[in-house]
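Structure, as C-alpha cells:
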Amino acid sequence: MTMRSGTDQFVTKYLAQPLPVLALGLVITLVVSLNFLENARTDFQLRFNRHVERNSVTIESSLRHYTSLLEAGASIFAFRTSFTGTEFQNYIEGFYRPHEHPGIQGIGFARYIPDPQREQAERQITEENPTFRIRPTGERPEYIPIIYLYPQDRRNLAAMGYDMFSEPVRRAAMIQARDTGMAVASGKVELVQEIDERKQAGFLIYAPAYRDGVVPQNLEMRRRNLVGFVYSPFRADDLLEGIFNLREQPRIHFTVFDGEPVPENRLHHSRLAPAPSPRLTQTRSLDIANRKWTVEFASTRSFEQTSREKWMPLIAGTGALLSLLFSWVVASLSKARSAAELSQKEEREQRERLRVILASIGDGVIAIDPHGNISFVNAVAERYTGWPFAQAHGRPLGDVFRTLNGETREQVPDATARVSAKQGLDFPSHTLLVSRDGTETPIAANVSPIRNGGRSAGGLVIVFHDLTEEQKSRRALQESEARSSGILKSALDAIVTTNEKGEIIEWNPAAERIFGYSRDKVMNQQMEPLIIPPPLRQPHRRGMERYKATDEAKVIGRRIETTAMRRGGEEFPAELAISRLDLPGPALFTAHIRDITERKQTEAALHEAQAQLTLRATNLEELVSERTVKLQEVIAELEAFSYSISHDMRAPLRAIEGFAHALLDDYKDRLEPEGIGYLNRIMSAAVRMDRLIQDVLSYSRVVRSDIEFVSVDTEQLLGDIISQYPEFQAPRAEVVIHRPLLKVMGQEASLTQCLSNLLGNAVKFVAPGITPHVEIWTEEANNHVRLYIKDNGIGIEPRHRDRVFMILERVHPEAQFSGTGIGLAIVKKSMERMGGTVEFESEPGRGTTFCLHLPRASFL
Amino acid sequence: MKTILLVEDNEDDIFLMRRAFKAAPITNPLAVVTDGQQAVDYLAGNGEYANREKFPLPCLILLDMKLPYLNGLEVIKWVRQQPSLQTLLIVMLTASRIEVDVDNAYRAGVNGFLVKPPTAEKLIEMLRALKKFWLEFNQSPPPPFPVSHLETGG
C-alpha cells in the first residue's frame, strides 16, 4: 500500500510536470547516445581484430601448408637413393599443383656436394643436363647447387646450378634446417630468378633431405647423412597476393616484414593503402617455417567508414526533439487534471476506509434502516445470501436474509421486531441461512440496534457466522470417541492407559481377561505393582525417569518382547507396544499387551522339530555317503570283473575256435562231412560267444562311463560310419542321407555306436532278396533334434515292442538273423545317458523308423 | 632274418600263433618267452640269454598285456628305460581293447596295439598285415647294441 501510494505520489509530483519530463528525456537521450557510441567503437575494434586474426591465420596456414609440401618432397629419399630429373618432377607433381598453390616459384632439389666429390658429381649431373655448371665459380669446401627446379620456366632456368650455400642468408637457413631436421625459411633475399626490371623481395624455405628419408636422431648424424634440400623460392608479392586471391581479399592494410619491422626488412605490403592516420593498428608476430615474421596491420579509409559511430549525432538529435515534444504534452495535460482531483479526494478516502473494514471482517454484516430495508451488506454476507449489495440495497430484510429452523424446518420468526433499543438478541440455535440459490448454511447470528454514543442511531445490524466447520469437527470428535471405545472393548490385546503418575486410567476387557483384575479394581491404581514382574520394575522406573528428563524413549513406538505378570504373580511372555497419546496436557501412555505364551510354545516346538530334522538330515547324509562308498566299491569290483572277462574269459574261446580250425585244416581228409559240420558249429559258437562277451562289455561301459557333451556333427559322423563298412554301401545297401542334418549335443563315441547299431539292424533285418534301403533325416523340435532312420526291413511286431530294447533279448532265431541281442539295449542305454530317448514306429513287413531324440547343439 | 620275440603266457595262444605264423607266412625265427621277467632277462641277456647266437636281440616284440611276474606295461617301461633299447619296436598283442589299457600302453611307449582276433582265419589275416607293415613297408630303427656291451663300457 505504501509502495503504491509512494509511486503514485512520485508520478503526480514530478512526472506530471513538464520541466522534469524534459530533463529526464534529455538525460535518457544522452545515455542512449553514449551507449551507442561505445558499442559502435567496440564493434569497430572487434571487426578490425577479426580481420587481423583472419589475415594472420591465412598467411600462417598457407605457408605451413607449403612447408609441409616441401617436407613431403624431402621424404622422396625414403623410397630411393637417387633419381633423375624426370623422376623428381613426377614425384613433385604428385602433390604440387601450381594453380592450387599460388606464389610458390617452384619446387626444386639442391644437392649437397662436398668439394672432394665435386668433379664426379658434376660429371654425373651434366650427363642429364649438359649446360649445368656450379655458380659462382671458384673452390669452396662445400657446394649446394640447384640441380632440379620445377616448373622449368624462364625464371627457374636462370637459377640452375646456383650454389645457394655460397650466399650468407641462404646458408644460415640451410644450416639451421640441416641441424634441426626441420624446414626453415630464409631471411629476405633477392632471388636469382629476379631477371626483370620489376624486382620483388624474396625468401626461400628449405626442407632438409637425409639418406633413407628419415631425420637422424642426433646432430652429428644429421650433418653426415644430409643429401640436400628440397626447397622452394618465393617471391613475396606474388605469394601473398596469390594466397589472398584464393580467399577473401583483405579489407585492411598490412605490411609484412622478415623479423623486425624496419624498412629494409620489408617483404610485402598489401594493395589497400592505409588511412592517412589510421585509427586502428596492430602488430602481429607470425611463425613461418621456424622464422619470425612481423606483420603490421592498419585500418584503411574505406574500412573506417564502415564504423557506425557516424550515426551518433542523428540519434542524439532525435532524442532531444522527442523529449521536447513530450514535455509540452505533459504540461498541457497536468494543468487540466489537478483542479478536478482535489475536491473528491477526501470524501472518497473516508468511505473507502469503512468499506475496507467491513470487507475484512470474517463475519457477515447486514444493516437495515429504521424502515426495515437493507442499507448495507458486506462481502461475506453477499456470499452467504447470494445477494450483491447493489441488488440488495433498499429491499426488505426478509427478501435477502432468509432463515429456517434446522430441526423444525419452519421459518425463524422475525427477530428484528423483538430487539429493544438497548439490547441485542441472538438467533435460536439450529438456524439455517438459506441463500438465493437455496443453499443452506448453519449459522450463529445476532441482531443489535445501531447506536451512536449510547443513543440509537436508528436501524439494526445483523452479524452472523458460518457454523459448518464447527459442527463438522464436533461430529468427528463424537465419532472418534465412539470408535475408540468400541476398539477398546473388542480388542484382543490388553490396552492399558496410564497417566503421567503411572496410575491406570484405562483398562479394557482384554486386560481384565489377561491379567485377572476387573476394571473397577484397578482404575486409578498404580500400574507397576500390578502387572510388571518384580525384576523389571527397577528398569521400568529408570526408563520413565529418563523419558521425563530427556524425552528420550527406548520402548515407545516399538514392538518389544518382555515378561508380564498376572494376578497371583504368574509371569508370562508378552508382546508390548507403548505409545504416547498426543494430546495437550500431561503425558498419557497407552500400552498394548499381547499374551504370547502360546506362540512361544509353538516356537519352541518348531525349534525342537527343526533340530530333529537337522539331526535326521545329518544321519541321512552319513548313510548316503556310506552307501556311496559301498557302491563305488561295487563298481570298482565290477570294473575289475569286466577287465578280467575281456582278458581271460575270451582266451579259451580263441583256443576252442583256433583248435577246431586247426583240426579242420589238418584232418580234413580223414573227417566225415558230419564231423566237418560239427567243427564248423564249434567254431561259429565260439565266435558268437566272443561277440556276446564284447557286446556285454560295451553295454556295461555305456552304463558306467562318464559322459562329456560336445557338439556332434551327425552328418559327418554318419558319413564316416558308412564309409567304414561295406555292408552300408552300394550294391549291398542304399543309404540315403537327406542333408543337411542338424548337429546335436552328445558324446561322439556313444553316438557312433548307436548309429552303427541302428544302421546295422536296418540293413540286417530285411527279407531275403531285398536290397536294404535306408533313409536318414533330422527335424528340429523344441530346441531338440529328432534323427530318423527309416528302413524297408521286416519290421517289428507290436508284441515285441518292449522286448527289443532289453539286453540279451532276441526276437528272431539266431539261424535267421545273427546277433547278440545287445545292440538296441546299448542304443537305449546310450541315449538315456546322453539325456535323449529312442523310439520307433514299425509296420511288420513294411519297415521300421527309428527316431533318436537329442538336445540340439548350440550355434556357437 | 631277424628274430621276432613273442611274449605270451597262454600255451594255446602260442601254439595257434606258431600255426598262424606258418600260414601267413612269416619266415622270421620266432622266439617265445612266457612271462614278463623272462622277457626282461632275454632282452638284458641275463643267464642263458647271454648267448646272443642262440638268443639274438629281436627286431620286433609281440607283447601280451596280462603276464606273470611282470605285466606287459612293466616290461615296456623297463625296455624304454634301457638306453640301448629305447628304439626297439614293440607291438602289443592282447585280448583287451579296454581304452585305459590302450592309453597306458601308448603312454609307456609301444609302437602299435593289436587285439587278438577271435578266429584263426582273422589271426592269419592280421599277421599278413603285420608282416606287410612292420617287416616290409616300415623302416625299422637301426639295430641296438647288445646290452652287455654297454654295461661293460664297450
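In the C-alpha cells, chains take the letters A, B, ... in the order shown, each chain's residues start at 1, and ligands count up from 1 in the order shown.
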
Checklist line | Close residues, B:Asn104 itself excluded, 12 Å, only C-alpha atoms, min 2 positions apart in chain, as an MDAnalysis selection string | finding: chainID B and resid 65 72:74 76:77 92 97:102 106:110 113

Next item on the list: Find the residues near B:Val91: any atom within 9 Å, counting only C-alpha atoms, skip ones fewer than 3 places away on the same chain, and give them as a list in words.
Entry: Leu60, Ile61, Leu62, Leu63, Asp64, Val110, Asn111, Gly112, Phe113 and Leu114 of chain B

Next item on the list: Excluding stretch 101-118 of chain A and residues on its chain fewer than 6 positions from it, collect all residues at most 9 Å away from it, counting only C-alpha atoms, and give them as a count of residues only.
Entry: 49

Each residue of chain B lying at most 10 Å from chain A should get a row with its shortest atom-to-atom pair and the distance in Å to one decimal, counting only C-alpha atoms; could you produce that, ordered by chain and increasing number, as a tab-separated table?
residue	atom	partner	partner_atom	distance
B:Asn10	CA	A:Ala651	CA	8.1
B:Glu11	CA	A:Ala655	CA	9.5
B:Asp12	CA	A:Ala655	CA	5.9
B:Asp13	CA	A:Ala655	CA	6.8
B:Phe15	CA	A:Phe659	CA	9.2
B:Leu16	CA	A:Gly658	CA	6.4
B:Met17	CA	A:Gly658	CA	9.5
B:Arg19	CA	A:Ala662	CA	8.3
B:Ala20	CA	A:Gly658	CA	9.7
B:Met65	CA	A:His647	CA	8.7
B:Lys66	CA	A:His647	CA	7.5
B:Thr94	CA	A:His647	CA	7.7
B:Ala95	CA	A:His647	CA	5.2
B:Ser96	CA	A:His647	CA	5.3
B:Arg97	CA	A:Ser646	CA	7.9
B:Ile98	CA	A:Tyr643	CA	7.6
B:Asp101	CA	A:Tyr643	CA	9.7
B:Lys116	CA	A:Arg654	CA	8.6
B:Pro117	CA	A:Arg654	CA	7.9
B:Pro118	CA	A:Arg654	CA	5.4
B:Thr119	CA	A:Glu657	CA	5.9
B:Ala120	CA	A:Gly658	CA	5.1
B:Glu121	CA	A:His661	CA	8.2
B:Leu123	CA	A:Gly658	CA	9.3

Notebook entry, point to check: Near A:Gly569, counting only C-alpha atoms, which residues have an atom at most 9 Å away, once you skip same-chain residues fewer than 3 positions from it, shown as a PyMOL selection string?
Noted result: chain A and resi 530-531+533+565-566

Output N, CA, C and O atoms for every residue in that selection, as a PDB file, in the first residue's frame.
ATOM      1  N   LEU A 530       1.048 -53.974  39.773  1.00  0.00           N
ATOM      2  CA  LEU A 530       0.009 -54.910  39.343  1.00  0.00           C
ATOM      3  C   LEU A 530       0.493 -55.844  38.244  1.00  0.00           C
ATOM      4  O   LEU A 530       0.246 -57.040  38.293  1.00  0.00           O
ATOM      5  N   ILE A 531       1.147 -55.263  37.223  1.00  0.00           N
ATOM      6  CA  ILE A 531       1.415 -56.116  36.053  1.00  0.00           C
ATOM      7  C   ILE A 531       2.895 -56.241  35.698  1.00  0.00           C
ATOM      8  O   ILE A 531       3.240 -57.021  34.822  1.00  0.00           O
ATOM      9  N   PRO A 533       6.505 -57.634  36.528  1.00  0.00           N
ATOM     10  CA  PRO A 533       7.164 -58.574  37.433  1.00  0.00           C
ATOM     11  C   PRO A 533       8.258 -57.844  38.208  1.00  0.00           C
ATOM     12  O   PRO A 533       8.880 -56.920  37.664  1.00  0.00           O
ATOM     13  N   MET A 565       3.017 -59.910  34.290  1.00  0.00           N
ATOM     14  CA  MET A 565       2.638 -60.691  35.473  1.00  0.00           C
ATOM     15  C   MET A 565       1.117 -60.664  35.635  1.00  0.00           C
ATOM     16  O   MET A 565       0.471 -59.633  35.504  1.00  0.00           O
ATOM     17  N   ARG A 566       0.551 -61.863  35.890  1.00  0.00           N
ATOM     18  CA  ARG A 566      -0.896 -61.948  36.104  1.00  0.00           C
ATOM     19  C   ARG A 566      -1.197 -61.795  37.607  1.00  0.00           C
ATOM     20  O   ARG A 566      -0.296 -61.838  38.439  1.00  0.00           O
TER      21      ARG A 566
END

Item checked: Near-B:Leu88 list (9 Å; only C-alpha atoms; drop same-chain fewer than 4 positions) as a PyMOL selection string -> chain B and resi 58-61+79-80+84+111+140-144

Margin query: Using only C-alpha atoms, which protein or nucleic acid residues come within 10 Å of A:Glu506? Drop anything in the same chain fewer than 5 positions from it, and give the result as a list in words.
Written below: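 Residues near the query, excluding close chain neighbours: Leu488, Ile495, Val496, Thr497, Thr498, Asn499, Ala511, Arg519, Val522, Met523, Asn524, Phe589, Thr590 and Ala591 of chain A.
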
Notebook entry, point to check: Any idea what's packed within 8 Å of B:Leu70, counting only C-alpha atoms, ignoring anything in its chain fewer than 2 positions away? Could you give it as a ChimeraX atom specification?
Noted result: /B:35-37,67-68,72,74-75

Notebook entry, point to check: Taking the backbone alone, and naming residues the way the document does, which bits of stretch 182-414 of chain A are helix (DSSP H, G or I) by DSSP, as JSON, numbers by chain?
Noted result: {"A": [211, 212, 213, 219, 220, 221, 222, 223, 224, 225, 236, 237, 238, 239, 240, 241, 242, 243, 244, 245, 263, 264, 265, 301, 302, 303, 304, 305, 308, 309, 310, 311, 312, 313, 314, 315, 316, 317, 318, 319, 320, 321, 322, 323, 324, 325, 326, 327, 328, 329, 330, 331, 332, 333, 334, 335, 336, 337, 338, 339, 340, 341, 342, 343, 344, 345, 346, 347, 348, 349, 350, 351, 352, 353, 354, 355, 356, 357, 358, 359, 360, 379, 380, 381, 382, 383, 384, 385, 389, 390, 391, 392, 397, 398, 399, 400]}
